[in-house]
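Engineer: Got a structure for you, questions after.
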4 protein chains.
Amino acid sequence: MHCNDRKGLISTITNFLFENDGNIVELDEHVEKKEGIFFMRVEWELDNFKIAKDKIAEVFEERIGSQYEMKWELHFTDKVPRMALFVSKSSHCLYDILSRHYSGEWNIEIPAIISNHRMHEELAKRYDIPFYYFEINKDNKAEIEAQQMKLLADLQIDFLILARYMQILSDNFINSYPNKIINIHHSFLPAFAGAKPYHRAYERGVKIIGATSHYVTADLDAGPILEQDVVKISHKDSVEDLVRKGKDLEKIVLSRAIYTHLQRKALVHRNRTVIFD
Amino acid sequence: MHCNDRKGLISTITNFLFENDGNIVELDEHVEKKEGIFFMRVEWELDNFKIAKDKIAEVFEERIGSQYEMKWELHFTDKVPRMALFVSKSSHCLYDILSRHYSGEWNIEIPAIISNHRMHEELAKRYDIPFYYFEINKDNKAEIEAQQMKLLADLQIDFLILARYMQILSDNFINSYPNKIINIHHSFLPAFAGAKPYHRAYERGVKIIGATSHYVTADLDAGPILEQDVVKISHKDSVEDLVRKGKDLEKIVLSRAIYTHLQRKALVHRNRTVIFD
Amino acid sequence: MHCNDRKGLISTITNFLFENDGNIVELDEHVEKKEGIFFMRVEWELDNFKIAKDKIAEVFEERIGSQYEMKWELHFTDKVPRMALFVSKSSHCLYDILSRHYSGEWNIEIPAIISNHRMHEELAKRYDIPFYYFEINKDNKAEIEAQQMKLLADLQIDFLILARYMQILSDNFINSYPNKIINIHHSFLPAFAGAKPYHRAYERGVKIIGATSHYVTADLDAGPILEQDVVKISHKDSVEDLVRKGKDLEKIVLSRAIYTHLQRKALVHRNRTVIFD
Amino acid sequence: MHCNDRKGLISTITNFLFENDGNIVELDEHVEKKEGIFFMRVEWELDNFKIAKDKIAEVFEERIGSQYEMKWELHFTDKVPRMALFVSKSSHCLYDILSRHYSGEWNIEIPAIISNHRMHEELAKRYDIPFYYFEINKDNKAEIEAQQMKLLADLQIDFLILARYMQILSDNFINSYPNKIINIHHSFLPAFAGAKPYHRAYERGVKIIGATSHYVTADLDAGPILEQDVVKISHKDSVEDLVRKGKDLEKIVLSRAIYTHLQRKALVHRNRTVIFD
């Protein structure tokens, strides 16, 4: 939840839970002092909670949300999120995500791998995941997106991962999944936004390369940042070395961002994230 | 404050402040699930607070502390802490601390630099800080410590920094300043506790060296850790290179630990710290 | 190659290659000053090289090696190394290695996954790699090792990866593969050598955890270190969080070590490595 | 030295030294494969060297340099470099440099601290370094620069440090000291070049901030990079926190760059550096 900061907010919210016999498992709050915004994430147990599960949203909005003009979301941990994976040719993030999925590290379903290339169809088959190929060209982009959006709706997809997907999505597509599309960009943004970041990093002679995972917005590579990390490089590294070293960064950074999203620990406000880790 | 975890603790404490018109500036809480310990740090404004400054401790203990068998401390931000600096021959931490002090980065007083060598007397003079030399040998250790403790008491010292002080303090001395003596050790503890960590790191062929700042306890280099950081090294680095690279780590790690202590953001429980950064 | 340092070594070696029309692709040298040991790695093209491929070793030893009492090795880049993977229950390193193998990141063959558990047999099948299960108990260890060593010999295995293999190999086994068995240990060695490093890291309250990849020697967790890395943690992290965060470290650190080994860029001398990256 | 790569270069150069009884202390070479440029740094002892100290440059150019159209420099370790420090209001880099100077970490002379503010005059006095104040305004910039350049020439200054100096130097000034002016910029370049990088980092919501030290060229914040480092931040950090955390980065990054420069281990080619660490 987030709203304008006021005296007594924490007290009010924790009282609400306490009075209804909700045992708080985790509580994090943050006040953005510059703008005076209050952020809070609270996780509590439903055993013995006095309000019925399907009434919580209504009661909370009535008693607290509406009064403080809050924006808030309610999620239940027994819901298994459904994730769609968009990929092109690079496979390191795809492999990393599938590995975590199959080893049971994440509690998710992956009903679709979607690609503009056929090359990872066999890999999808190896892991028994339906693979959807869309041939995309200059002229059919709008039509293909419509098909993809229908597929996502049919499959009841909750969120999307662009695991080095090299197509730019339309604003319409993006706005249908606000803070629900996670991208990995192979630079420490805002440096080297756009194409060929490793080539440009090499040309500039930087001593550090990075990777950034962010929610996708209509501005290319400019959405709210979830996770960033870097690795040191030297003059010895060719562009190919940067690509190789960068791959490890990208997959780890993307997977950490997905984990944060799955835990519902990322709150977004004005293109910035509050991450309660 | 910390105590055994119970339902309603946050609600109780925030209500207490809210009812007395205390505006919360910062609140952090943590529940150590394994042992079921509740930790909280709350900072609020005294303007309009209904309880008089000199009554807060008493009222809080009566109303909340005693009831929950809490351990808690109350600090006021207008109190300027008085720090004593213990040094031997190495000067990099000493310089770093003095630089922060004189540039106004920290709000502290340094009424004493205490050393078993005379070599930094001139530096102390450059910064107008009283320098106390104690000649320490095998036979006079107990006597010298008694003199030092009297000096610290006379100067109303609140906490002590061992800025690469190469003498081992007695248990009696240490126990007089519980969680008030901060040391810097030149390794990532628990590796290379004790003497000559850089030599041993070189011999072992590690690829990373570190520094650790911790509260001093009767067990050598085994107190609660406040801060650690590392730097990568390679086979090219001689022991002298490790010493050189390590100096930068040590001074930054120690100064971060001091900053955390000054902010009262380090809570100690069973040889571990909770750091509310 | 390595030998005692002497004036003119680089000149002698580079002359040898130059006179035989060998074009140097990469040259790295290092002098360990404390002991006066000269290390060098040189990579050159065989096109037009005046000495026949199968005579190089003989000629080099005669002309240079024997004269300087060098220890040296000769490797050809067209040889595809054969790697055996030893695993137990943890799968994150296994997945990471298989992903790199199948995506073509490494030029290797994996003729065997060897395990004391059956649980990853299906995964091996997914990737069409022969899986060898050995039931190990207190009494049959020597016998099983004999069978494993025969298998490795039959499969012409060049080097072994212990990808979180939880069995201790005998000295006899280890000595059969000097600097050819790579292990990953889930701590920044020498801290927390042996069992349950994450539990001990949690107990000690460290602010950093690490992973170390090293060549296996008869001393447990004490062989020459190839690669180390760390990640920051906080009081919020439970043992389970350390395990989760550590997994990402472990797989990346192990894979970097394997890459270094594959490039023949790790030289070993007296339990320390020289890594020419 | 650097030149176009050719077969036999290392052999030729090391032979030259060997034949003249020069004992090589350190040798580093790098071939930039994309452009085919050969870089080398070699350090040797002059004891018993057959060529007189003041003839080395001439003989080397005649025998090797001219033949390969090399760019090269010759430096002697017994020359103590003379450094000028330019500062404005921020003092953390200034303190760090003075501390290293006075503790004997660097073998340099500092004949001048130059500033457009008077506020660090007292600090300069504390360390007995001549302080030169220049009142700079819109109209007198060219005149002041002429005075500064005369001062630098009179004091026989070898290289300049811009230790958070907030004035932009003219192209004429910069071109008089090619690869001899070292700046520290408070971001990981190329992100946030120009003014107020911490404010912009905060606005963008990055999870990492950095600092970059580079040789100054006519393009603002775009010269060859010597050193970069980063530190993780979170949503909890205000702009003031970024400034505070960034200060530690800046001073360490700048001091590492100065050390590299002092060791003559930075070679520049086409706006990129080769750093032989």
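Residues are referred to by chain and number: the chain letter is A, B, ... according to the order shown in the structure tokens, the number counts from 1 in that chain, and ligands are numbered separately from 1 in the order shown.
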Name the residues in contact with region 24-27 of chain A at a cut-off of 9 Å, using only C-alpha atoms, excluding same-chain residues fewer than 3 positions from it; report them as a PyMOL selection string.
Structural biologist: (chain A and resi 14+17-18+40-45) or (chain B and resi 7-8+29-31)
Engineer: Pick out the residues sitting within 12 Å of Lys138 (chain C), and hand them over as a short mmCIF file (atom, residue, chain, number, x, y, z; two decimals) with N, CA, C and O atoms, in the first residue's frame; count only C-alpha atoms, and ignore anything fewer than 4 positions along from it in its own chain.
Structural biologist:
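The result, written out as out.cif:
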data_model
loop_
_atom_site.label_atom_id
_atom_site.label_comp_id
_atom_site.auth_asym_id
_atom_site.auth_seq_id
_atom_site.Cartn_x
_atom_site.Cartn_y
_atom_site.Cartn_z
N ALA C 142 35.76 -48.06 -0.66
CA ALA C 142 36.96 -48.39 -1.44
C ALA C 142 36.60 -49.10 -2.74
O ALA C 142 37.12 -48.79 -3.81
N GLU C 143 35.67 -50.02 -2.61
CA GLU C 143 35.25 -50.79 -3.78
C GLU C 143 34.57 -49.90 -4.83
O GLU C 143 34.84 -49.99 -6.03
N ILE C 144 33.67 -49.02 -4.35
CA ILE C 144 32.98 -48.11 -5.28
C ILE C 144 33.98 -47.19 -5.97
O ILE C 144 33.91 -46.97 -7.18
N GLN C 167 30.47 -36.41 -1.04
CA GLN C 167 31.31 -37.50 -0.57
C GLN C 167 32.76 -37.06 -0.54
O GLN C 167 33.19 -36.28 -1.40
N ILE C 168 33.50 -37.54 0.43
CA ILE C 168 34.94 -37.22 0.50
C ILE C 168 35.70 -38.31 -0.25
O ILE C 168 35.53 -39.50 0.01
#
Engineer: As a list of chain:residue names, please: every residue in region 9-102 of chain D that DSSP puts in strand (DSSP E or B).
Structural biologist: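 Those residues are D:Ile24, D:Val25, D:Glu26, D:Leu27, D:Asp28, D:Glu29, D:His30, D:Val31, D:Glu32, D:Ile37, D:Phe38, D:Phe39, D:Met40, D:Arg41, D:Val42, D:Glu43, D:Trp44, D:Lys71, D:Arg82, D:Met83, D:Ala84, D:Leu85, D:Phe86, D:Val87.
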Engineer: Counting only C-alpha atoms, which residues of chain C come no farther than 6 Å from chain B, as a PDB file with N, CA and C atoms, in the first residue's frame?
Structural biologist:
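So iface_15.pdb came out as:
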ATOM      1  N   PRO C 190      39.466 -19.473   3.741  1.00  0.00           N
ATOM      2  CA  PRO C 190      39.448 -20.597   4.672  1.00  0.00           C
ATOM      3  C   PRO C 190      38.364 -20.511   5.751  1.00  0.00           C
ATOM      4  N   ALA C 191      37.470 -19.538   5.689  1.00  0.00           N
ATOM      5  CA  ALA C 191      36.392 -19.512   6.678  1.00  0.00           C
ATOM      6  C   ALA C 191      35.422 -20.649   6.393  1.00  0.00           C
ATOM      7  N   GLY C 205      27.096 -14.553  12.463  1.00  0.00           N
ATOM      8  CA  GLY C 205      26.596 -13.212  12.179  1.00  0.00           C
ATOM      9  C   GLY C 205      27.432 -12.440  11.185  1.00  0.00           C
ATOM     10  N   LYS C 207      28.434 -10.579   7.667  1.00  0.00           N
ATOM     11  CA  LYS C 207      27.650  -9.690   6.807  1.00  0.00           C
ATOM     12  C   LYS C 207      27.895  -9.995   5.330  1.00  0.00           C
ATOM     13  N   GLN C 228      36.972 -17.095  -6.240  1.00  0.00           N
ATOM     14  CA  GLN C 228      36.136 -16.814  -5.065  1.00  0.00           C
ATOM     15  C   GLN C 228      35.254 -15.619  -5.360  1.00  0.00           C
ATOM     16  N   HIS C 235      21.015  -9.076   8.613  1.00  0.00           N
ATOM     17  CA  HIS C 235      20.339  -9.774   9.710  1.00  0.00           C
ATOM     18  C   HIS C 235      18.989 -10.338   9.272  1.00  0.00           C
ATOM     19  N   ARG C 272      49.193 -22.685  -4.379  1.00  0.00           N
ATOM     20  CA  ARG C 272      48.640 -21.401  -4.811  1.00  0.00           C
ATOM     21  C   ARG C 272      48.484 -21.446  -6.329  1.00  0.00           C
ATOM     22  N   VAL C 274      48.393 -19.374 -10.059  1.00  0.00           N
ATOM     23  CA  VAL C 274      48.611 -18.192 -10.887  1.00  0.00           C
ATOM     24  C   VAL C 274      47.532 -18.284 -11.972  1.00  0.00           C
TER      25      VAL C 274
END
Engineer: If we count only C-alpha atoms, what is near Ile113 (chain C) at a cut-off of 7 Å, once residues fewer than 5 positions away on the same chain are taken out, given as a CSV table (one decimal) with N, CA, C and O atoms, in the first residue's frame?
Structural biologist:
chain,number,residue,atom,x,y,z
C,84,ALA,N,33.9,-35.3,-16.4
C,84,ALA,CA,32.9,-36.1,-15.6
C,84,ALA,C,32.4,-35.2,-14.5
C,84,ALA,O,33.1,-34.5,-13.8
C,85,LEU,N,31.1,-35.3,-14.3
C,85,LEU,CA,30.4,-34.5,-13.3
C,85,LEU,C,29.9,-35.4,-12.2
C,85,LEU,O,29.1,-36.3,-12.3
C,86,PHE,N,30.4,-35.0,-11.0
C,86,PHE,CA,29.9,-35.7,-9.8
C,86,PHE,C,28.9,-34.9,-9.0
C,86,PHE,O,29.2,-33.7,-8.7
C,129,ILE,N,22.7,-37.5,-21.4
C,129,ILE,CA,24.0,-37.8,-20.8
C,129,ILE,C,23.9,-39.1,-20.0
C,129,ILE,O,23.1,-39.2,-19.1
C,130,PRO,N,24.9,-40.0,-20.2
C,130,PRO,CA,24.9,-41.2,-19.4
C,130,PRO,C,25.0,-40.9,-17.9
C,130,PRO,O,25.8,-40.1,-17.5
C,131,PHE,N,24.1,-41.6,-17.2
C,131,PHE,CA,24.1,-41.3,-15.7
C,131,PHE,C,24.5,-42.6,-15.0
C,131,PHE,O,24.0,-43.7,-15.3
C,132,TYR,N,25.4,-42.5,-14.1
C,132,TYR,CA,25.9,-43.6,-13.4
C,132,TYR,C,25.7,-43.5,-11.9
C,132,TYR,O,26.2,-42.6,-11.3
Engineer: Ranking A:Cys93, A:Met149, A:Leu220, A:Ile114 by minimum distance to Arg164 (chain A) and counting only C-alpha atoms, which one comes first?
Structural biologist: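 That would be A:Cys93, the residue with the smallest distance to Arg164 (chain A).
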Engineer: Do a neighbour search on region 59-76 of chain D at 10 Å with only C-alpha atoms, toss out local chain neighbours closer than 4 positions, and write the hits as a PyMOL selection string.
Structural biologist: chain D and resi 1-6+9+12-13+16-17+38-43+46+51-55+80+263-264+267
Engineer: Find the distance between CA of Glu240 (chain B) and CA of Ile10 (chain C) and write it in Å to one decimal.
Structural biologist: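 Going from CA of Glu240 (chain B) over to CA of Ile10 (chain C) covers 25.4 Å.
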Engineer: Looking only at helix (DSSP H, G or I) from DSSP on the backbone, list the matching residues of region 54-252 of chain A as a PyMOL selection string.
Structural biologist: chain A and resi 54-65+92-102+121-126+141-154+171-176+197-204+239-252
Engineer: Keeping C-alpha atoms for every residue in the selection just given, could you write it to a file as a PDB file, in the first residue's frame?
Structural biologist:
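Contents of selection-v3.pdb, freshly written:
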ATOM      1  CA  ASP A  54     -13.053 -12.993   0.327  1.00  0.00           C
ATOM      2  CA  LYS A  55     -14.173 -10.045   2.460  1.00  0.00           C
ATOM      3  CA  ILE A  56     -10.756  -8.695   3.413  1.00  0.00           C
ATOM      4  CA  ALA A  57     -10.382  -6.357   0.428  1.00  0.00           C
ATOM      5  CA  GLU A  58     -13.793  -4.828   0.936  1.00  0.00           C
ATOM      6  CA  VAL A  59     -13.406  -4.337   4.679  1.00  0.00           C
ATOM      7  CA  PHE A  60      -9.907  -2.941   4.389  1.00  0.00           C
ATOM      8  CA  GLU A  61     -10.931  -0.434   1.715  1.00  0.00           C
ATOM      9  CA  GLU A  62     -13.907   0.655   3.776  1.00  0.00           C
ATOM     10  CA  ARG A  63     -12.106   0.960   7.085  1.00  0.00           C
ATOM     11  CA  ILE A  64      -8.697   2.238   5.998  1.00  0.00           C
ATOM     12  CA  GLY A  65      -7.988   2.421   2.268  1.00  0.00           C
ATOM     13  CA  HIS A  92      21.260 -18.005 -20.981  1.00  0.00           C
ATOM     14  CA  CYS A  93      18.338 -16.351 -19.164  1.00  0.00           C
ATOM     15  CA  LEU A  94      15.933 -18.942 -20.512  1.00  0.00           C
ATOM     16  CA  TYR A  95      18.083 -21.801 -19.221  1.00  0.00           C
ATOM     17  CA  ASP A  96      18.471 -20.120 -15.850  1.00  0.00           C
ATOM     18  CA  ILE A  97      14.750 -19.603 -15.421  1.00  0.00           C
ATOM     19  CA  LEU A  98      13.901 -23.146 -16.504  1.00  0.00           C
ATOM     20  CA  SER A  99      16.499 -24.543 -14.114  1.00  0.00           C
ATOM     21  CA  ARG A 100      14.991 -22.683 -11.182  1.00  0.00           C
ATOM     22  CA  HIS A 101      11.530 -23.735 -12.215  1.00  0.00           C
ATOM     23  CA  TYR A 102      12.366 -27.418 -12.536  1.00  0.00           C
ATOM     24  CA  GLU A 121      11.626 -25.052 -29.535  1.00  0.00           C
ATOM     25  CA  GLU A 122      13.599 -28.179 -28.760  1.00  0.00           C
ATOM     26  CA  LEU A 123      14.672 -26.852 -25.377  1.00  0.00           C
ATOM     27  CA  ALA A 124      11.048 -26.054 -24.519  1.00  0.00           C
ATOM     28  CA  LYS A 125      10.148 -29.603 -25.494  1.00  0.00           C
ATOM     29  CA  ARG A 126      12.914 -30.989 -23.278  1.00  0.00           C
ATOM     30  CA  LYS A 141       3.528  -6.457 -35.814  1.00  0.00           C
ATOM     31  CA  ALA A 142       0.115  -5.185 -34.712  1.00  0.00           C
ATOM     32  CA  GLU A 143      -1.603  -8.368 -35.814  1.00  0.00           C
ATOM     33  CA  ILE A 144       0.925 -10.619 -34.084  1.00  0.00           C
ATOM     34  CA  GLU A 145       0.630  -8.630 -30.872  1.00  0.00           C
ATOM     35  CA  ALA A 146      -3.124  -9.076 -30.958  1.00  0.00           C
ATOM     36  CA  GLN A 147      -2.630 -12.840 -31.304  1.00  0.00           C
ATOM     37  CA  GLN A 148      -0.094 -12.849 -28.474  1.00  0.00           C
ATOM     38  CA  MET A 149      -2.403 -10.873 -26.201  1.00  0.00           C
ATOM     39  CA  LYS A 150      -5.230 -13.262 -26.901  1.00  0.00           C
ATOM     40  CA  LEU A 151      -2.953 -16.191 -26.081  1.00  0.00           C
ATOM     41  CA  LEU A 152      -1.869 -14.565 -22.814  1.00  0.00           C
ATOM     42  CA  ALA A 153      -5.473 -13.956 -21.868  1.00  0.00           C
ATOM     43  CA  ASP A 154      -6.506 -17.509 -22.774  1.00  0.00           C
ATOM     44  CA  ASP A 171       2.468   0.944 -25.849  1.00  0.00           C
ATOM     45  CA  ASN A 172      -0.899  -0.745 -26.017  1.00  0.00           C
ATOM     46  CA  PHE A 173       0.614  -4.135 -25.150  1.00  0.00           C
ATOM     47  CA  ILE A 174       2.731  -2.669 -22.352  1.00  0.00           C
ATOM     48  CA  ASN A 175      -0.142  -0.724 -20.822  1.00  0.00           C
ATOM     49  CA  SER A 176      -2.170  -3.932 -20.594  1.00  0.00           C
ATOM     50  CA  PRO A 197      25.427  -1.971 -25.048  1.00  0.00           C
ATOM     51  CA  TYR A 198      28.482  -4.228 -24.859  1.00  0.00           C
ATOM     52  CA  HIS A 199      29.928  -2.822 -28.062  1.00  0.00           C
ATOM     53  CA  ARG A 200      29.406   0.679 -26.766  1.00  0.00           C
ATOM     54  CA  ALA A 201      30.862  -0.217 -23.348  1.00  0.00           C
ATOM     55  CA  TYR A 202      33.939  -1.534 -25.123  1.00  0.00           C
ATOM     56  CA  GLU A 203      34.258   1.590 -27.254  1.00  0.00           C
ATOM     57  CA  ARG A 204      33.906   3.851 -24.214  1.00  0.00           C
ATOM     58  CA  VAL A 239      33.577  -7.432 -26.895  1.00  0.00           C
ATOM     59  CA  GLU A 240      33.128 -11.209 -26.909  1.00  0.00           C
ATOM     60  CA  ASP A 241      34.506 -11.389 -23.367  1.00  0.00           C
ATOM     61  CA  LEU A 242      32.077  -8.689 -22.271  1.00  0.00           C
ATOM     62  CA  VAL A 243      29.216 -10.673 -23.789  1.00  0.00           C
ATOM     63  CA  ARG A 244      30.392 -13.821 -21.999  1.00  0.00           C
ATOM     64  CA  LYS A 245      30.867 -12.136 -18.621  1.00  0.00           C
ATOM     65  CA  GLY A 246      27.671 -10.170 -19.072  1.00  0.00           C
ATOM     66  CA  LYS A 247      25.585 -13.289 -19.604  1.00  0.00           C
ATOM     67  CA  ASP A 248      26.233 -14.443 -16.054  1.00  0.00           C
ATOM     68  CA  LEU A 249      25.247 -11.047 -14.725  1.00  0.00           C
ATOM     69  CA  GLU A 250      22.095 -10.877 -16.825  1.00  0.00           C
ATOM     70  CA  LYS A 251      20.727 -14.207 -15.773  1.00  0.00           C
ATOM     71  CA  ILE A 252      21.378 -13.648 -12.077  1.00  0.00           C
TER      72      ILE A 252
END
Engineer: When you draw a straight line from CA of Gly22 (chain C) to CA of Asp158 (chain C), how long is it in Å?
Structural biologist: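 CA of Asp158 (chain C) lies at a distance of 27.2 Å from CA of Gly22 (chain C).
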Engineer: So what do you get for CA of Pro111 (chain B) versus CA of Phe159 (chain B), distance-wise?
Structural biologist: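 One can read the CA of Pro111 (chain B) to CA of Phe159 (chain B) distance as 11.3 Å.
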